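Next comes target_6.cif, a file with mmCIF, N, CA and C atoms.
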```
data_my_file
#
loop_
_atom_site.group_PDB
_atom_site.id
_atom_site.type_symbol
_atom_site.label_atom_id
_atom_site.label_comp_id
_atom_site.auth_asym_id
_atom_site.auth_seq_id
_atom_site.Cartn_x
_atom_site.Cartn_y
_atom_site.Cartn_z
ATOM 1 N N MET A 823 -63.419 16.641 32.312
ATOM 2 C CA MET A 823 -62.320 17.556 32.309
ATOM 3 C C MET A 823 -62.232 18.232 30.948
ATOM 4 N N ARG A 824 -61.924 19.510 30.962
ATOM 5 C CA ARG A 824 -61.749 20.258 29.718
ATOM 6 C C ARG A 824 -60.461 21.064 29.783
ATOM 7 N N PHE A 825 -59.657 20.927 28.787
ATOM 8 C CA PHE A 825 -58.474 21.732 28.536
ATOM 9 C C PHE A 825 -57.320 21.534 29.518
ATOM 10 N N GLY A 826 -57.489 20.974 30.702
ATOM 11 C CA GLY A 826 -56.399 20.792 31.654
ATOM 12 C C GLY A 826 -55.495 19.637 31.262
ATOM 13 N N ASP A 827 -54.206 19.789 31.508
ATOM 14 C CA ASP A 827 -53.237 18.717 31.251
ATOM 15 C C ASP A 827 -51.963 19.023 32.025
ATOM 16 N N PRO A 828 -51.634 18.209 32.998
ATOM 17 C CA PRO A 828 -52.319 16.988 33.395
ATOM 18 C C PRO A 828 -53.392 17.248 34.449
ATOM 19 N N VAL A 829 -54.429 16.458 34.386
ATOM 20 C CA VAL A 829 -55.427 16.376 35.446
ATOM 21 C C VAL A 829 -55.213 15.001 36.080
ATOM 22 N N HIS A 830 -54.954 14.969 37.366
ATOM 23 C CA HIS A 830 -54.598 13.718 38.044
ATOM 24 C C HIS A 830 -55.755 13.281 38.929
ATOM 25 N N VAL A 831 -56.340 12.155 38.606
ATOM 26 C CA VAL A 831 -57.460 11.597 39.368
ATOM 27 C C VAL A 831 -56.958 10.293 39.971
ATOM 28 N N TYR A 832 -56.712 10.297 41.306
ATOM 29 C CA TYR A 832 -56.145 9.095 41.898
ATOM 30 C C TYR A 832 -56.742 8.778 43.260
ATOM 31 N N ASN A 833 -56.734 7.474 43.573
ATOM 32 C CA ASN A 833 -57.205 6.932 44.846
ATOM 33 C C ASN A 833 -58.619 7.352 45.205
ATOM 34 N N ASN A 834 -59.521 7.287 44.227
ATOM 35 C CA ASN A 834 -60.939 7.554 44.455
ATOM 36 C C ASN A 834 -61.718 6.250 44.369
ATOM 37 N N TYR A 835 -62.865 6.244 45.008
ATOM 38 C CA TYR A 835 -63.749 5.074 45.017
ATOM 39 C C TYR A 835 -65.041 5.454 44.316
ATOM 40 N N TYR A 836 -65.340 4.771 43.226
ATOM 41 C CA TYR A 836 -66.563 4.995 42.463
ATOM 42 C C TYR A 836 -67.460 3.785 42.677
ATOM 43 N N LEU A 837 -68.645 4.009 43.229
ATOM 44 C CA LEU A 837 -69.561 2.925 43.556
ATOM 45 C C LEU A 837 -70.899 3.141 42.860
ATOM 46 N N ALA A 838 -71.226 2.254 41.938
ATOM 47 C CA ALA A 838 -72.531 2.219 41.270
ATOM 48 C C ALA A 838 -72.933 3.566 40.655
ATOM 49 N N ASN A 839 -72.004 4.199 39.963
ATOM 50 C CA ASN A 839 -72.337 5.434 39.260
ATOM 51 C C ASN A 839 -73.410 5.148 38.217
ATOM 52 N N GLU A 840 -74.375 6.015 38.102
ATOM 53 C CA GLU A 840 -75.434 5.829 37.112
ATOM 54 C C GLU A 840 -74.991 6.269 35.721
ATOM 55 N N ASP A 841 -74.009 7.138 35.650
ATOM 56 C CA ASP A 841 -73.525 7.614 34.354
ATOM 57 C C ASP A 841 -72.078 7.148 34.215
ATOM 58 N N TYR A 842 -71.147 8.028 33.987
ATOM 59 C CA TYR A 842 -69.741 7.654 33.884
ATOM 60 C C TYR A 842 -68.983 8.147 35.110
ATOM 61 N N GLY A 843 -67.786 7.623 35.299
ATOM 62 C CA GLY A 843 -66.949 8.066 36.408
ATOM 63 C C GLY A 843 -66.107 9.272 36.029
ATOM 64 N N ILE A 844 -65.295 9.140 34.978
ATOM 65 C CA ILE A 844 -64.359 10.180 34.571
ATOM 66 C C ILE A 844 -64.438 10.315 33.055
ATOM 67 N N ARG A 845 -64.388 11.550 32.584
ATOM 68 C CA ARG A 845 -64.444 11.794 31.139
ATOM 69 C C ARG A 845 -63.365 12.798 30.751
ATOM 70 N N ALA A 846 -62.570 12.449 29.797
ATOM 71 C CA ALA A 846 -61.545 13.352 29.267
ATOM 72 C C ALA A 846 -62.101 14.008 28.005
ATOM 73 N N ALA A 847 -62.343 15.300 28.077
ATOM 74 C CA ALA A 847 -62.971 16.008 26.963
ATOM 75 C C ALA A 847 -62.129 17.208 26.542
ATOM 76 N N HIS A 848 -62.396 17.691 25.352
ATOM 77 C CA HIS A 848 -61.884 18.958 24.836
ATOM 78 C C HIS A 848 -60.423 19.240 25.176
ATOM 79 N N GLU A 849 -59.538 18.507 24.552
ATOM 80 C CA GLU A 849 -58.106 18.762 24.637
ATOM 81 C C GLU A 849 -57.519 18.615 26.044
ATOM 82 N N SER A 850 -58.105 17.770 26.869
ATOM 83 C CA SER A 850 -57.555 17.530 28.209
ATOM 84 C C SER A 850 -56.625 16.325 28.184
ATOM 85 N N GLY A 851 -55.817 16.214 29.226
ATOM 86 C CA GLY A 851 -54.962 15.058 29.443
ATOM 87 C C GLY A 851 -55.185 14.571 30.861
ATOM 88 N N VAL A 852 -55.856 13.454 31.016
ATOM 89 C CA VAL A 852 -56.263 12.974 32.333
ATOM 90 C C VAL A 852 -55.515 11.684 32.674
ATOM 91 N N LEU A 853 -54.877 11.675 33.839
ATOM 92 C CA LEU A 853 -54.216 10.489 34.360
ATOM 93 C C LEU A 853 -55.123 9.890 35.425
ATOM 94 N N VAL A 854 -55.629 8.697 35.188
ATOM 95 C CA VAL A 854 -56.546 7.990 36.084
ATOM 96 C C VAL A 854 -55.733 6.870 36.732
ATOM 97 N N GLU A 855 -55.480 6.989 38.033
ATOM 98 C CA GLU A 855 -54.491 6.116 38.657
ATOM 99 C C GLU A 855 -54.925 5.668 40.062
ATOM 100 N N GLY A 856 -54.874 4.363 40.292
ATOM 101 C CA GLY A 856 -55.110 3.818 41.627
ATOM 102 C C GLY A 856 -56.529 3.951 42.132
ATOM 103 N N ASN A 857 -57.493 4.081 41.241
ATOM 104 C CA ASN A 857 -58.900 4.210 41.628
ATOM 105 C C ASN A 857 -59.552 2.836 41.699
ATOM 106 N N HIS A 858 -60.661 2.759 42.406
ATOM 107 C CA HIS A 858 -61.425 1.514 42.498
ATOM 108 C C HIS A 858 -62.823 1.791 41.961
ATOM 109 N N PHE A 859 -63.205 1.041 40.927
ATOM 110 C CA PHE A 859 -64.520 1.172 40.306
ATOM 111 C C PHE A 859 -65.318 -0.081 40.637
ATOM 112 N N GLU A 860 -66.449 0.096 41.303
ATOM 113 C CA GLU A 860 -67.296 -1.039 41.677
ATOM 114 C C GLU A 860 -68.701 -0.824 41.154
ATOM 115 N N ASN A 861 -69.171 -1.782 40.347
ATOM 116 C CA ASN A 861 -70.500 -1.699 39.733
ATOM 117 C C ASN A 861 -70.675 -0.405 38.939
ATOM 118 N N VAL A 862 -69.672 -0.091 38.159
ATOM 119 C CA VAL A 862 -69.699 1.114 37.321
ATOM 120 C C VAL A 862 -69.653 0.675 35.863
ATOM 121 N N GLU A 863 -70.718 0.951 35.139
ATOM 122 C CA GLU A 863 -70.812 0.539 33.729
ATOM 123 C C GLU A 863 -69.745 1.207 32.865
ATOM 124 N N ASP A 864 -69.503 2.496 33.079
ATOM 125 C CA ASP A 864 -68.566 3.268 32.257
ATOM 126 C C ASP A 864 -67.573 3.987 33.181
ATOM 127 N N PRO A 865 -66.514 3.310 33.621
ATOM 128 C CA PRO A 865 -65.584 3.921 34.569
ATOM 129 C C PRO A 865 -64.944 5.203 34.048
ATOM 130 N N PHE A 866 -64.463 5.182 32.805
ATOM 131 C CA PHE A 866 -63.870 6.375 32.227
ATOM 132 C C PHE A 866 -63.881 6.254 30.708
ATOM 133 N N HIS A 867 -63.948 7.415 30.069
ATOM 134 C CA HIS A 867 -63.906 7.418 28.608
ATOM 135 C C HIS A 867 -63.379 8.747 28.085
ATOM 136 N N ARG A 868 -63.085 8.739 26.800
ATOM 137 C CA ARG A 868 -62.551 9.915 26.130
ATOM 138 C C ARG A 868 -63.615 10.536 25.241
ATOM 139 N N ALA A 869 -63.661 11.844 25.234
ATOM 140 C CA ALA A 869 -64.562 12.589 24.357
ATOM 141 C C ALA A 869 -63.804 13.823 23.864
ATOM 142 N N GLY A 870 -62.767 13.583 23.085
ATOM 143 C CA GLY A 870 -61.957 14.678 22.575
ATOM 144 C C GLY A 870 -60.701 14.946 23.383
ATOM 145 N N GLY A 871 -60.433 14.133 24.402
ATOM 146 C CA GLY A 871 -59.234 14.310 25.219
ATOM 147 C C GLY A 871 -58.402 13.044 25.270
ATOM 148 N N ASN A 872 -57.288 13.123 25.959
ATOM 149 C CA ASN A 872 -56.408 11.976 26.174
ATOM 150 C C ASN A 872 -56.628 11.453 27.585
ATOM 151 N N LEU A 873 -56.534 10.152 27.746
ATOM 152 C CA LEU A 873 -56.717 9.551 29.064
ATOM 153 C C LEU A 873 -55.747 8.384 29.212
ATOM 154 N N VAL A 874 -54.931 8.442 30.243
ATOM 155 C CA VAL A 874 -54.002 7.375 30.585
ATOM 156 C C VAL A 874 -54.511 6.752 31.875
ATOM 157 N N ALA A 875 -54.640 5.432 31.889
ATOM 158 C CA ALA A 875 -55.139 4.729 33.071
ATOM 159 C C ALA A 875 -54.121 3.684 33.502
ATOM 160 N N ARG A 876 -53.838 3.643 34.818
ATOM 161 C CA ARG A 876 -52.930 2.617 35.325
ATOM 162 C C ARG A 876 -53.228 2.318 36.787
ATOM 163 N N ASN A 877 -53.024 1.060 37.129
ATOM 164 C CA ASN A 877 -53.160 0.580 38.511
ATOM 165 C C ASN A 877 -54.552 0.809 39.093
ATOM 166 N N ASN A 878 -55.594 0.654 38.293
ATOM 167 C CA ASN A 878 -56.968 0.781 38.763
ATOM 168 C C ASN A 878 -57.563 -0.603 38.999
ATOM 169 N N CYS A 879 -58.572 -0.684 39.872
ATOM 170 C CA CYS A 879 -59.291 -1.933 40.141
ATOM 171 C C CYS A 879 -60.703 -1.825 39.586
ATOM 172 N N PHE A 880 -61.213 -2.951 39.056
ATOM 173 C CA PHE A 880 -62.545 -2.995 38.466
ATOM 174 C C PHE A 880 -63.293 -4.182 39.071
ATOM 175 N N THR A 881 -64.300 -3.904 39.886
ATOM 176 C CA THR A 881 -65.137 -4.938 40.493
ATOM 177 C C THR A 881 -66.520 -4.841 39.864
ATOM 178 N N ASN A 882 -66.913 -5.869 39.116
ATOM 179 C CA ASN A 882 -68.188 -5.850 38.385
ATOM 180 C C ASN A 882 -68.309 -4.587 37.527
ATOM 181 N N SER A 883 -67.210 -4.171 36.963
ATOM 182 C CA SER A 883 -67.161 -2.992 36.101
ATOM 183 C C SER A 883 -66.346 -3.357 34.871
ATOM 184 N N ARG A 884 -66.658 -2.724 33.773
ATOM 185 C CA ARG A 884 -65.852 -2.968 32.584
ATOM 186 C C ARG A 884 -64.600 -2.100 32.662
ATOM 187 N N GLN A 885 -63.634 -2.388 31.824
ATOM 188 C CA GLN A 885 -62.447 -1.541 31.728
ATOM 189 C C GLN A 885 -62.899 -0.196 31.163
ATOM 190 N N GLY A 886 -62.091 0.755 31.062
ATOM 191 C CA GLY A 886 -62.483 2.029 30.478
ATOM 192 C C GLY A 886 -61.835 2.232 29.126
ATOM 193 N N ASP A 887 -62.127 3.362 28.514
ATOM 194 C CA ASP A 887 -61.571 3.735 27.222
ATOM 195 C C ASP A 887 -60.405 4.681 27.468
ATOM 196 N N ALA A 888 -59.186 4.189 27.316
ATOM 197 C CA ALA A 888 -57.987 4.995 27.545
ATOM 198 C C ALA A 888 -57.125 4.992 26.302
ATOM 199 N N ASP A 889 -56.564 6.161 25.990
ATOM 200 C CA ASP A 889 -55.636 6.266 24.878
ATOM 201 C C ASP A 889 -55.003 7.652 24.925
ATOM 202 N N GLY A 890 -53.821 7.762 24.367
ATOM 203 C CA GLY A 890 -53.142 9.045 24.308
ATOM 204 C C GLY A 890 -52.102 9.184 25.398
ATOM 205 N N SER A 891 -51.755 10.418 25.714
ATOM 206 C CA SER A 891 -50.745 10.690 26.730
ATOM 207 C C SER A 891 -51.125 11.934 27.520
ATOM 208 N N THR A 892 -50.450 12.106 28.648
ATOM 209 C CA THR A 892 -50.684 13.285 29.488
ATOM 210 C C THR A 892 -49.344 13.902 29.851
ATOM 211 N N GLY A 893 -49.400 15.126 30.349
ATOM 212 C CA GLY A 893 -48.199 15.759 30.861
ATOM 213 C C GLY A 893 -47.773 15.099 32.165
ATOM 214 N N SER A 894 -46.607 15.434 32.641
ATOM 215 C CA SER A 894 -46.093 14.890 33.903
ATOM 216 C C SER A 894 -46.776 15.554 35.085
ATOM 217 N N VAL A 895 -47.036 14.772 36.125
ATOM 218 C CA VAL A 895 -47.612 15.314 37.358
ATOM 219 C C VAL A 895 -46.529 16.138 38.051
ATOM 220 N N PRO A 896 -46.798 17.406 38.390
ATOM 221 C CA PRO A 896 -45.754 18.302 38.896
ATOM 222 C C PRO A 896 -45.548 18.261 40.410
ATOM 223 N N TYR A 897 -45.890 17.158 41.053
ATOM 224 C CA TYR A 897 -45.738 17.049 42.506
ATOM 225 C C TYR A 897 -45.479 15.595 42.855
ATOM 226 N N SER A 898 -44.984 15.360 44.058
ATOM 227 C CA SER A 898 -44.798 13.984 44.512
ATOM 228 C C SER A 898 -46.052 13.540 45.257
ATOM 229 N N TYR A 899 -46.304 12.252 45.250
ATOM 230 C CA TYR A 899 -47.483 11.716 45.927
ATOM 231 C C TYR A 899 -47.241 10.251 46.234
ATOM 232 N N THR A 900 -48.020 9.734 47.160
ATOM 233 C CA THR A 900 -47.964 8.317 47.496
ATOM 234 C C THR A 900 -49.259 7.686 47.027
ATOM 235 N N LEU A 901 -49.148 6.726 46.137
ATOM 236 C CA LEU A 901 -50.317 6.059 45.594
ATOM 237 C C LEU A 901 -50.687 4.880 46.478
ATOM 238 N N GLN A 902 -51.913 4.885 46.957
ATOM 239 C CA GLN A 902 -52.440 3.762 47.737
ATOM 240 C C GLN A 902 -52.850 2.655 46.767
ATOM 241 N N PRO A 903 -52.619 1.404 47.106
ATOM 242 C CA PRO A 903 -53.088 0.319 46.212
ATOM 243 C C PRO A 903 -54.598 0.404 46.020
ATOM 244 N N CYS A 904 -55.058 0.218 44.787
ATOM 245 C CA CYS A 904 -56.490 0.357 44.493
ATOM 246 C C CYS A 904 -57.330 -0.625 45.304
ATOM 247 N N GLU A 905 -56.770 -1.771 45.686
ATOM 248 C CA GLU A 905 -57.507 -2.741 46.497
ATOM 249 C C GLU A 905 -57.866 -2.192 47.876
ATOM 250 N N ASP A 906 -57.092 -1.243 48.373
ATOM 251 C CA ASP A 906 -57.324 -0.682 49.706
ATOM 252 C C ASP A 906 -58.238 0.538 49.715
ATOM 253 N N VAL A 907 -58.505 1.093 48.558
ATOM 254 C CA VAL A 907 -59.259 2.350 48.471
ATOM 255 C C VAL A 907 -60.674 2.256 49.061
ATOM 256 N N PRO A 908 -61.475 1.204 48.792
ATOM 257 C CA PRO A 908 -62.828 1.176 49.358
ATOM 258 C C PRO A 908 -62.852 1.214 50.895
ATOM 259 N N ALA A 909 -61.922 0.566 51.535
ATOM 260 C CA ALA A 909 -61.906 0.557 53.002
ATOM 261 C C ALA A 909 -61.446 1.892 53.577
ATOM 262 N N THR A 910 -60.671 2.630 52.809
ATOM 263 C CA THR A 910 -60.180 3.920 53.272
ATOM 264 C C THR A 910 -61.263 4.969 53.197
#
```

Structure rendered as structure tokens:
Amino acid sequence: MRFGDPVHVYNNYYLANEDYGIRAAHESGVLVEGNHFENVEDPFHRAGGNLVARNNCFTNSRQGDADGSTGSVPYSYTLQPCEDVPAT
């Protein structure tokens, strides 16, 4: 992600990514929420941006690199529990 804030990445399933899952770059603000990372070496990281992570699941994956803050999400949504994301 570049320059967007907030960028909302939620309820996604990342399976055995060869590179990274999500990257916050160049003045972005990324909210990573309710995702399931399975066999992902680098679920998410920052490269010049802010990244807030909450309610994510990690199966055979390391935690990610999160720090900073993001703007408020301008819409309502229903977050699915990260444990249910792979089956969905």

For this file, the PyMOL selection byres (((chain A and resi 905 and name CA) around 12) and name CA) selects which residues, as a short mmCIF file (atom, residue, chain, number, x, y, z; two decimals) with N, CA and C atoms, keeping the file's coordinate frame?
```
data_model
loop_
_atom_site.label_atom_id
_atom_site.label_comp_id
_atom_site.auth_asym_id
_atom_site.auth_seq_id
_atom_site.Cartn_x
_atom_site.Cartn_y
_atom_site.Cartn_z
N ASN A 833 -56.73 7.47 43.57
CA ASN A 833 -57.20 6.93 44.85
C ASN A 833 -58.62 7.35 45.20
N ASN A 834 -59.52 7.29 44.23
CA ASN A 834 -60.94 7.55 44.46
C ASN A 834 -61.72 6.25 44.37
N TYR A 835 -62.86 6.24 45.01
CA TYR A 835 -63.75 5.07 45.02
C TYR A 835 -65.04 5.45 44.32
N GLY A 856 -54.87 4.36 40.29
CA GLY A 856 -55.11 3.82 41.63
C GLY A 856 -56.53 3.95 42.13
N ASN A 857 -57.49 4.08 41.24
CA ASN A 857 -58.90 4.21 41.63
C ASN A 857 -59.55 2.84 41.70
N HIS A 858 -60.66 2.76 42.41
CA HIS A 858 -61.42 1.51 42.50
C HIS A 858 -62.82 1.79 41.96
N PHE A 859 -63.20 1.04 40.93
CA PHE A 859 -64.52 1.17 40.31
C PHE A 859 -65.32 -0.08 40.64
N GLU A 860 -66.45 0.10 41.30
CA GLU A 860 -67.30 -1.04 41.68
C GLU A 860 -68.70 -0.82 41.15
N ASN A 877 -53.02 1.06 37.13
CA ASN A 877 -53.16 0.58 38.51
C ASN A 877 -54.55 0.81 39.09
N ASN A 878 -55.59 0.65 38.29
CA ASN A 878 -56.97 0.78 38.76
C ASN A 878 -57.56 -0.60 39.00
N CYS A 879 -58.57 -0.68 39.87
CA CYS A 879 -59.29 -1.93 40.14
C CYS A 879 -60.70 -1.82 39.59
N PHE A 880 -61.21 -2.95 39.06
CA PHE A 880 -62.54 -3.00 38.47
C PHE A 880 -63.29 -4.18 39.07
N THR A 881 -64.30 -3.90 39.89
CA THR A 881 -65.14 -4.94 40.49
C THR A 881 -66.52 -4.84 39.86
N LEU A 901 -49.15 6.73 46.14
CA LEU A 901 -50.32 6.06 45.59
C LEU A 901 -50.69 4.88 46.48
N GLN A 902 -51.91 4.88 46.96
CA GLN A 902 -52.44 3.76 47.74
C GLN A 902 -52.85 2.66 46.77
N PRO A 903 -52.62 1.40 47.11
CA PRO A 903 -53.09 0.32 46.21
C PRO A 903 -54.60 0.40 46.02
N CYS A 904 -55.06 0.22 44.79
CA CYS A 904 -56.49 0.36 44.49
C CYS A 904 -57.33 -0.62 45.30
N ASP A 906 -57.09 -1.24 48.37
CA ASP A 906 -57.32 -0.68 49.71
C ASP A 906 -58.24 0.54 49.72
N VAL A 907 -58.50 1.09 48.56
CA VAL A 907 -59.26 2.35 48.47
C VAL A 907 -60.67 2.26 49.06
N PRO A 908 -61.48 1.20 48.79
CA PRO A 908 -62.83 1.18 49.36
C PRO A 908 -62.85 1.21 50.90
N ALA A 909 -61.92 0.57 51.54
CA ALA A 909 -61.91 0.56 53.00
C ALA A 909 -61.45 1.89 53.58
N THR A 910 -60.67 2.63 52.81
CA THR A 910 -60.18 3.92 53.27
C THR A 910 -61.26 4.97 53.20
#
```

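If you measure from each of A:His867, A:His830, A:Arg876, A:His848 to Gly893 of chain A using only C-alpha atoms, the closest one turns out to be A:His830.
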
Excluding Met823 of chain A and its own-chain neighbours fewer than 4 positions away, which residues fall within 7 Å of it when counting all atoms listed in the file? Please give them as a PyMOL selection string.
chain A and resi 844-851

Near Val854 of chain A, within 5 Å and counting only N, CA and C atoms, which residues show up once chain neighbours fewer than 3 positions away are dropped, as a PDB file with N, CA and C atoms, in the frame of the given file?
```
ATOM      1  N   VAL A 831     -56.340  12.155  38.606  1.00  0.00           N
ATOM      2  CA  VAL A 831     -57.460  11.597  39.368  1.00  0.00           C
ATOM      3  C   VAL A 831     -56.958  10.293  39.971  1.00  0.00           C
ATOM      4  N   VAL A 874     -54.931   8.442  30.243  1.00  0.00           N
ATOM      5  CA  VAL A 874     -54.002   7.375  30.585  1.00  0.00           C
ATOM      6  C   VAL A 874     -54.511   6.752  31.875  1.00  0.00           C
ATOM      7  N   ALA A 875     -54.640   5.432  31.889  1.00  0.00           N
ATOM      8  CA  ALA A 875     -55.139   4.729  33.071  1.00  0.00           C
ATOM      9  C   ALA A 875     -54.121   3.684  33.502  1.00  0.00           C
ATOM     10  N   ARG A 876     -53.838   3.643  34.818  1.00  0.00           N
ATOM     11  CA  ARG A 876     -52.930   2.617  35.325  1.00  0.00           C
ATOM     12  C   ARG A 876     -53.228   2.318  36.787  1.00  0.00           C
TER      13      ARG A 876
END
```

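Across A:Tyr897, A:Gly843, A:Leu853, A:Asn872, the tightest approach to Gln885 of chain A is made by A:Gly843 when counting only C-alpha atoms.
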
Starting from the PyMOL selection byres ((chain A and resi 861) around 6), expand the selection into actual residues of this file and give them as a count of residues only.
10

Using the chain letters and numbers from this file, what does the PyMOL selection byres (((chain A and resi 888 and name CA) around 6) and name CA) select? Give the answer as a PDB file with N, CA and C atoms, in the frame of the given file.
```pdb
ATOM      1  N   LEU A 873     -56.534  10.152  27.746  1.00  0.00           N
ATOM      2  CA  LEU A 873     -56.717   9.551  29.064  1.00  0.00           C
ATOM      3  C   LEU A 873     -55.747   8.384  29.212  1.00  0.00           C
ATOM      4  N   VAL A 874     -54.931   8.442  30.243  1.00  0.00           N
ATOM      5  CA  VAL A 874     -54.002   7.375  30.585  1.00  0.00           C
ATOM      6  C   VAL A 874     -54.511   6.752  31.875  1.00  0.00           C
ATOM      7  N   ASP A 887     -62.127   3.362  28.514  1.00  0.00           N
ATOM      8  CA  ASP A 887     -61.571   3.735  27.222  1.00  0.00           C
ATOM      9  C   ASP A 887     -60.405   4.681  27.468  1.00  0.00           C
ATOM     10  N   ASP A 889     -56.564   6.161  25.990  1.00  0.00           N
ATOM     11  CA  ASP A 889     -55.636   6.266  24.878  1.00  0.00           C
ATOM     12  C   ASP A 889     -55.003   7.652  24.925  1.00  0.00           C
TER      13      ASP A 889
END
```

Distance criterion (only C-alpha atoms): nearest to Tyr836 of chain A out of A:Asp864, A:Tyr899, A:Ser894, A:Gly871
A:Asp864

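Taking atom CA of Asp827 of chain A as the reference point, atom CA of Asp841 of chain A is found at 23.3 Å.
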
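In this structure, atom C of Arg884 of chain A sits 21.2 Å away from atom N of Val829 of chain A.
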
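Between atom C of Ser898 of chain A and atom C of Gly870 of chain A there is a distance of 26.4 Å.
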
Could you pull out the residues in chain A that DSSP calls strand (DSSP E or B) from the backbone, as a PyMOL selection string?
chain A and resi 824+829-832+835-837+842-847+851-855+858-860+864-870+872-876+879-881+889
